[in-house]
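What follows is model.tsv (TSV, C-alpha atoms).
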```
chain	number	residue	atom	x	y	z
A	1	MET	CA	-39.02	-31.82	65.03
A	2	LYS	CA	-38.57	-32.27	61.29
A	3	THR	CA	-42.08	-33.74	61.04
A	4	CYS	CA	-43.56	-30.80	62.95
A	5	ARG	CA	-41.83	-28.30	60.67
A	6	THR	CA	-43.08	-30.18	57.62
A	7	MET	CA	-46.67	-30.16	58.93
A	8	LEU	CA	-46.50	-26.43	59.60
A	9	LEU	CA	-45.15	-25.82	56.11
A	10	LEU	CA	-47.98	-27.87	54.66
A	11	LEU	CA	-50.55	-25.78	56.50
A	12	VAL	CA	-48.96	-22.52	55.33
A	13	ILE	CA	-48.82	-23.70	51.72
A	14	ALA	CA	-52.37	-24.99	51.95
A	15	ASP	CA	-53.46	-21.54	53.06
A	16	PHE	CA	-51.77	-20.06	50.00
A	17	ALA	CA	-53.19	-22.71	47.71
A	18	ALA	CA	-56.70	-21.97	48.95
A	19	LEU	CA	-56.59	-18.37	47.68
A	20	PRO	CA	-57.84	-19.13	44.14
A	21	VAL	CA	-61.09	-20.52	45.46
A	22	LEU	CA	-61.76	-17.95	48.17
A	23	VAL	CA	-64.13	-15.91	46.05
A	24	LYS	CA	-66.08	-19.08	45.28
A	25	ALA	CA	-66.83	-19.66	48.98
A	26	GLN	CA	-70.44	-20.52	49.67
A	27	SER	CA	-72.07	-19.66	52.97
A	28	LEU	CA	-73.15	-22.68	54.96
A	29	VAL	CA	-76.60	-21.57	56.10
A	30	ASP	CA	-77.01	-22.89	59.61
A	31	VAL	CA	-79.43	-21.52	62.15
A	32	GLY	CA	-77.12	-20.13	64.80
A	33	ASP	CA	-74.59	-22.97	64.65
A	34	SER	CA	-73.41	-25.63	62.21
A	35	SER	CA	-74.44	-28.30	64.71
A	36	SER	CA	-78.11	-27.60	63.92
A	37	SER	CA	-78.03	-30.25	61.21
A	38	THR	CA	-76.86	-33.83	61.39
A	39	VAL	CA	-74.35	-35.84	59.38
A	40	ASP	CA	-75.06	-39.48	58.70
A	41	LEU	CA	-71.67	-41.26	58.72
A	42	SER	CA	-73.17	-44.30	57.03
A	43	GLY	CA	-73.44	-42.33	53.78
A	44	SER	CA	-77.21	-41.78	53.86
A	45	ALA	CA	-79.32	-39.32	55.80
A	46	ALA	CA	-82.13	-40.91	57.80
A	47	THR	CA	-83.55	-37.54	58.88
A	48	PRO	CA	-81.76	-34.93	56.75
A	49	LEU	CA	-82.36	-31.31	57.60
A	50	PRO	CA	-82.93	-29.47	54.33
A	51	ASP	CA	-81.11	-26.22	53.68
A	52	LEU	CA	-83.76	-24.02	52.13
A	53	THR	CA	-81.15	-21.63	50.75
A	54	TYR	CA	-78.95	-24.35	49.26
A	55	MET	CA	-78.54	-24.15	45.50
A	56	ARG	CA	-76.83	-27.14	43.94
A	57	PRO	CA	-74.09	-25.89	41.59
A	58	PRO	CA	-74.53	-26.79	37.92
A	59	GLN	CA	-72.26	-29.35	36.28
A	60	ALA	CA	-70.58	-26.67	34.17
A	61	THR	CA	-69.53	-24.78	37.29
A	62	LYS	CA	-68.16	-27.89	39.00
A	63	LEU	CA	-66.24	-28.87	35.86
A	64	HIS	CA	-64.84	-25.35	35.48
A	65	ASN	CA	-63.76	-25.31	39.11
A	66	TYR	CA	-62.18	-28.74	38.80
A	67	LEU	CA	-60.10	-27.74	35.78
A	68	PHE	CA	-58.95	-24.54	37.47
A	69	ASP	CA	-58.11	-26.26	40.77
A	70	ALA	CA	-56.31	-29.17	39.08
A	71	PHE	CA	-54.45	-27.48	36.24
A	72	GLY	CA	-54.64	-23.73	36.81
A	73	LEU	CA	-52.03	-21.21	37.89
A	74	TYR	CA	-52.30	-21.86	41.61
A	75	PRO	CA	-51.62	-25.63	41.44
A	76	ILE	CA	-48.53	-24.80	39.39
A	77	VAL	CA	-47.33	-22.28	41.98
A	78	GLY	CA	-48.12	-24.69	44.81
A	79	ALA	CA	-46.21	-27.51	43.12
A	80	GLY	CA	-43.26	-25.18	42.67
A	81	MET	CA	-43.23	-24.38	46.38
A	82	PHE	CA	-43.55	-28.03	47.40
A	83	ALA	CA	-40.78	-28.97	44.98
A	84	GLY	CA	-38.54	-26.32	46.52
A	85	ILE	CA	-39.12	-27.73	50.00
A	86	ASN	CA	-38.43	-31.26	48.78
A	87	GLN	CA	-35.31	-30.00	47.02
A	88	VAL	CA	-33.99	-28.50	50.26
A	89	GLN	CA	-34.79	-31.70	52.15
A	90	ASN	CA	-33.37	-33.80	49.28
A	91	THR	CA	-36.52	-35.94	49.12
A	92	PRO	CA	-36.33	-38.44	47.58
A	93	PRO	CA	-32.53	-38.52	47.56
A	94	GLU	CA	-32.47	-40.67	44.42
A	95	TRP	CA	-33.53	-37.66	42.39
A	96	LYS	CA	-30.47	-35.72	43.55
A	97	GLN	CA	-30.10	-31.96	43.17
A	98	GLY	CA	-29.87	-29.43	40.36
A	99	VAL	CA	-32.36	-28.53	37.68
A	100	ASP	CA	-33.03	-32.17	36.81
A	101	GLY	CA	-33.83	-33.04	40.41
A	102	TYR	CA	-36.09	-30.03	40.83
A	103	SER	CA	-37.90	-30.84	37.59
A	104	LYS	CA	-38.66	-34.36	38.80
A	105	ARG	CA	-39.91	-33.09	42.14
A	106	PHE	CA	-42.04	-30.40	40.50
A	107	GLY	CA	-43.58	-32.90	38.09
A	108	SER	CA	-44.23	-35.32	40.94
A	109	ASP	CA	-45.90	-32.75	43.22
A	110	PHE	CA	-48.02	-31.30	40.42
A	111	SER	CA	-49.12	-34.79	39.35
A	112	ILE	CA	-50.01	-35.81	42.91
A	113	ALA	CA	-52.19	-32.72	43.27
A	114	ALA	CA	-53.81	-33.31	39.88
A	115	VAL	CA	-54.60	-36.97	40.64
A	116	THR	CA	-55.98	-35.99	44.06
A	117	THR	CA	-58.27	-33.32	42.61
A	118	THR	CA	-59.34	-35.57	39.73
A	119	THR	CA	-60.16	-38.43	42.09
A	120	ARG	CA	-62.23	-36.17	44.33
A	121	TYR	CA	-64.13	-34.78	41.35
A	122	ALA	CA	-64.72	-38.16	39.67
A	123	LEU	CA	-65.87	-39.91	42.85
A	124	SER	CA	-68.09	-37.01	43.86
A	125	GLU	CA	-69.81	-37.30	40.49
A	126	ALA	CA	-70.15	-41.07	40.89
A	127	PHE	CA	-71.62	-40.69	44.40
A	128	HIS	CA	-73.72	-37.67	43.39
A	129	GLU	CA	-72.09	-35.53	46.05
A	130	ASP	CA	-71.32	-31.84	46.18
A	131	THR	CA	-67.83	-31.63	47.68
A	132	LEU	CA	-67.51	-27.85	47.46
A	133	TYR	CA	-66.72	-26.06	50.70
A	134	TYR	CA	-69.52	-24.14	52.41
A	135	ARG	CA	-68.62	-21.53	54.99
A	136	CYS	CA	-70.26	-21.59	58.39
A	137	GLU	CA	-72.55	-18.81	59.54
A	138	CYS	CA	-72.14	-19.85	63.15
A	139	LYS	CA	-70.45	-17.42	65.53
A	140	GLY	CA	-67.18	-17.87	67.38
A	141	VAL	CA	-63.71	-18.96	66.38
A	142	PHE	CA	-63.92	-22.46	67.81
A	143	GLY	CA	-67.29	-23.20	66.24
A	144	ARG	CA	-66.05	-22.10	62.82
A	145	LEU	CA	-62.80	-23.99	63.27
A	146	ARG	CA	-64.69	-27.15	64.16
A	147	HIS	CA	-66.89	-26.66	61.11
A	148	ALA	CA	-63.87	-26.25	58.82
A	149	VAL	CA	-62.23	-29.42	60.14
A	150	ILE	CA	-65.41	-31.51	59.99
A	151	SER	CA	-66.11	-30.26	56.47
A	152	THR	CA	-62.97	-32.06	55.34
A	153	PHE	CA	-64.98	-35.27	55.55
A	154	VAL	CA	-68.48	-33.98	54.79
A	155	ALA	CA	-70.26	-33.32	51.49
A	156	ARG	CA	-73.71	-32.26	50.34
A	157	ARG	CA	-76.12	-34.68	48.67
A	158	GLY	CA	-79.48	-34.30	47.01
A	159	ASP	CA	-81.41	-31.24	45.98
A	160	ASP	CA	-81.90	-30.27	49.62
A	161	GLY	CA	-78.14	-30.33	50.29
A	162	HIS	CA	-78.25	-32.60	53.33
A	163	ARG	CA	-74.83	-33.46	54.73
A	164	VAL	CA	-73.23	-36.91	54.53
A	165	PHE	CA	-69.86	-38.46	55.24
A	166	SER	CA	-67.80	-38.02	52.08
A	167	PHE	CA	-65.93	-41.07	50.81
A	168	PRO	CA	-64.42	-39.05	47.92
A	169	ASP	CA	-62.94	-36.49	50.30
A	170	LEU	CA	-61.38	-39.24	52.40
A	171	VAL	CA	-59.95	-41.31	49.53
A	172	ALA	CA	-58.68	-38.56	47.20
A	173	PRO	CA	-55.48	-37.56	49.10
A	174	TYR	CA	-54.32	-41.18	49.32
A	175	ALA	CA	-55.15	-41.86	45.67
A	176	GLY	CA	-52.69	-39.14	44.67
A	177	THR	CA	-49.85	-40.40	46.84
A	178	MET	CA	-50.47	-44.07	46.02
A	179	THR	CA	-50.27	-43.20	42.32
A	180	ALA	CA	-46.95	-41.45	42.90
A	181	VAL	CA	-45.41	-44.26	44.96
A	182	TYR	CA	-46.34	-47.00	42.51
A	183	GLY	CA	-46.03	-44.86	39.39
A	184	TRP	CA	-42.77	-42.93	39.51
A	185	TYR	CA	-41.22	-42.92	42.98
A	186	PRO	CA	-38.06	-44.99	43.58
A	187	GLY	CA	-38.70	-48.69	44.15
A	188	ARG	CA	-37.88	-48.63	47.86
A	189	TYR	CA	-41.09	-46.67	48.55
A	190	ASP	CA	-44.19	-48.69	49.41
A	191	TYR	CA	-47.77	-48.32	50.63
A	192	LYS	CA	-46.63	-47.15	54.06
A	193	ASP	CA	-44.86	-44.17	52.50
A	194	ALA	CA	-47.91	-43.47	50.36
A	195	PHE	CA	-50.14	-43.55	53.43
A	196	ARG	CA	-47.79	-41.24	55.32
A	197	MET	CA	-47.68	-38.72	52.46
A	198	GLY	CA	-51.45	-39.02	52.09
A	199	ASN	CA	-51.84	-38.00	55.72
A	200	TYR	CA	-49.86	-34.83	55.00
A	201	SER	CA	-52.00	-34.19	51.94
A	202	LEU	CA	-55.15	-34.59	54.02
A	203	LEU	CA	-53.72	-32.22	56.61
A	204	GLY	CA	-53.11	-29.70	53.85
A	205	TYR	CA	-56.77	-30.05	52.82
A	206	VAL	CA	-57.80	-29.24	56.38
A	207	GLY	CA	-55.60	-26.14	56.22
A	208	ALA	CA	-57.23	-25.12	52.94
A	209	ASN	CA	-60.70	-25.40	54.51
A	210	ILE	CA	-59.59	-23.30	57.47
A	211	SER	CA	-58.33	-20.66	55.03
A	212	LEU	CA	-61.64	-20.68	53.18
A	213	GLU	CA	-63.49	-20.27	56.45
A	214	PHE	CA	-61.47	-17.46	57.99
A	215	LEU	CA	-59.82	-15.53	55.16
A	216	TYR	CA	-62.71	-14.93	52.80
A	217	SER	CA	-64.80	-11.84	53.59
A	218	GLY	CA	-66.70	-11.14	50.40
A	219	PRO	CA	-66.13	-9.74	46.91
A	220	HIS	CA	-65.01	-6.39	48.35
A	221	SER	CA	-62.35	-7.85	50.63
A	222	TRP	CA	-58.67	-6.98	50.33
A	223	LEU	CA	-58.08	-10.34	48.63
A	224	SER	CA	-60.40	-9.32	45.83
A	225	ARG	CA	-58.83	-5.89	45.56
A	226	ILE	CA	-55.36	-7.33	45.00
A	227	HIS	CA	-56.80	-9.80	42.46
A	228	LEU	CA	-55.95	-12.98	44.35
A	229	ASN	CA	-59.46	-14.35	43.84
A	230	ASP	CA	-60.79	-16.38	40.96
A	231	THR	CA	-64.11	-14.89	39.88
A	232	HIS	CA	-65.95	-17.93	38.56
A	233	GLY	CA	-68.47	-19.69	40.77
A	234	ALA	CA	-72.04	-20.87	41.05
A	235	PRO	CA	-74.49	-18.08	40.21
A	236	ASP	CA	-76.06	-16.21	43.08
A	237	SER	CA	-79.76	-16.37	43.59
A	238	GLY	CA	-81.03	-14.13	46.32
A	239	SER	CA	-79.55	-15.34	49.58
A	240	SER	CA	-78.22	-18.54	48.07
A	241	PRO	CA	-74.52	-19.18	48.59
A	242	ARG	CA	-71.58	-18.86	46.23
A	243	SER	CA	-69.54	-21.91	45.31
A	244	THR	CA	-65.99	-22.63	46.39
A	245	GLY	CA	-64.08	-25.20	44.42
A	246	ASN	CA	-63.99	-28.88	44.11
```

Can the structure in the file be given as structure tokens, please?
Amino acid sequence: MKTCRTMLLLLVIADFAALPVLVKAQSLVDVGDSSSSTVDLSGSAATPLPDLTYMRPPQATKLHNYLFDAFGLYPIVGAGMFAGINQVQNTPPEWKQGVDGYSKRFGSDFSIAAVTTTTRYALSEAFHEDTLYYRCECKGVFGRLRHAVISTFVARRGDDGHRVFSFPDLVAPYAGTMTAVYGWYPGRYDYKDAFRMGNYSLLGYVGANISLEFLYSGPHSWLSRIHLNDTHGAPDSGSSPRSTGN
């Protein structure tokens, strides 16, 4: 029961954490359904289907998004919320309670998120992948939900934006938790704890993608009107999509 509550909390917080990149959401241009193009899980596309409206974001945009998503206001707020949950659960107990304990938990959660985002950005650059989230233009709740979940492990590659299995997206959550366990967590924690926490982090990333898919409704949405959107993103060009965040 405690694990279920924790997973639900992670999804809720992930939804909140996704707000800064909602305005950067790019439309995934599929013909009728996202299943119209194929993903090569081996990391290369044998018969990629080009997206004629895909516009690869410039390096300046990706770097700007990375810095905002790793060190901006929203990661700070998210770390504060996570630290509060950990404080209530007294995790890890060695850090105790009070201001000192909360400070350690806040620093830990913020650092985990920063390492995760940095790893995803660095590896995506090394693999020449575009790991931004692209919204689905398919119809139906289940089709869009499936697209959001699958996009957790899928990136764009090449000028045509064909889709490939994303090693950076898979590794990044565990890089953050492994760094925490072997960097500053109490000595009794090991790789199994890092893997478990990485699973929660990956689940939170799924929740963030779902938020990007279902909450964003354009620059004139209520989210924009109450200024919960970050306005930077890849430039529009005709029907080309807007970018979402690293």

| field | Point-to-point distance in Å for CA of Ile150 (chain A) and CA of Thr118 (chain A) | value |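 Between CA of Thr118 (chain A) and CA of Ile150 (chain A) the gap is 21.5 Å.
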
| said: One number please: CA of Asp100 (chain A) to CA of Ile76 (chain A), in Å, one decimal. | reply: 17.4 Å

| task | Would you please work out which residue, of A:Trp184, A:Gly198, A:Thr179, A:Thr61, is nearest to Trp95 (chain A) when using all atoms listed in the file? | result | A:Trp184

| Which residue out of A:Ala194, A:Ala155, A:Val141, A:Leu63 has the minimum interatomic distance to Glu129 (chain A) when all atoms listed in the file are used? |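 Selected residue with least distance to Glu129 (chain A): A:Ala155.
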
| task | Identify the residues around (-42.1, -38.6, 43.8) within a radius of 6 Å, measuring from all atoms listed in the file in the coordinates stated by the file, and give them as a ChimeraX atom specification. | result | /A:108,180,185
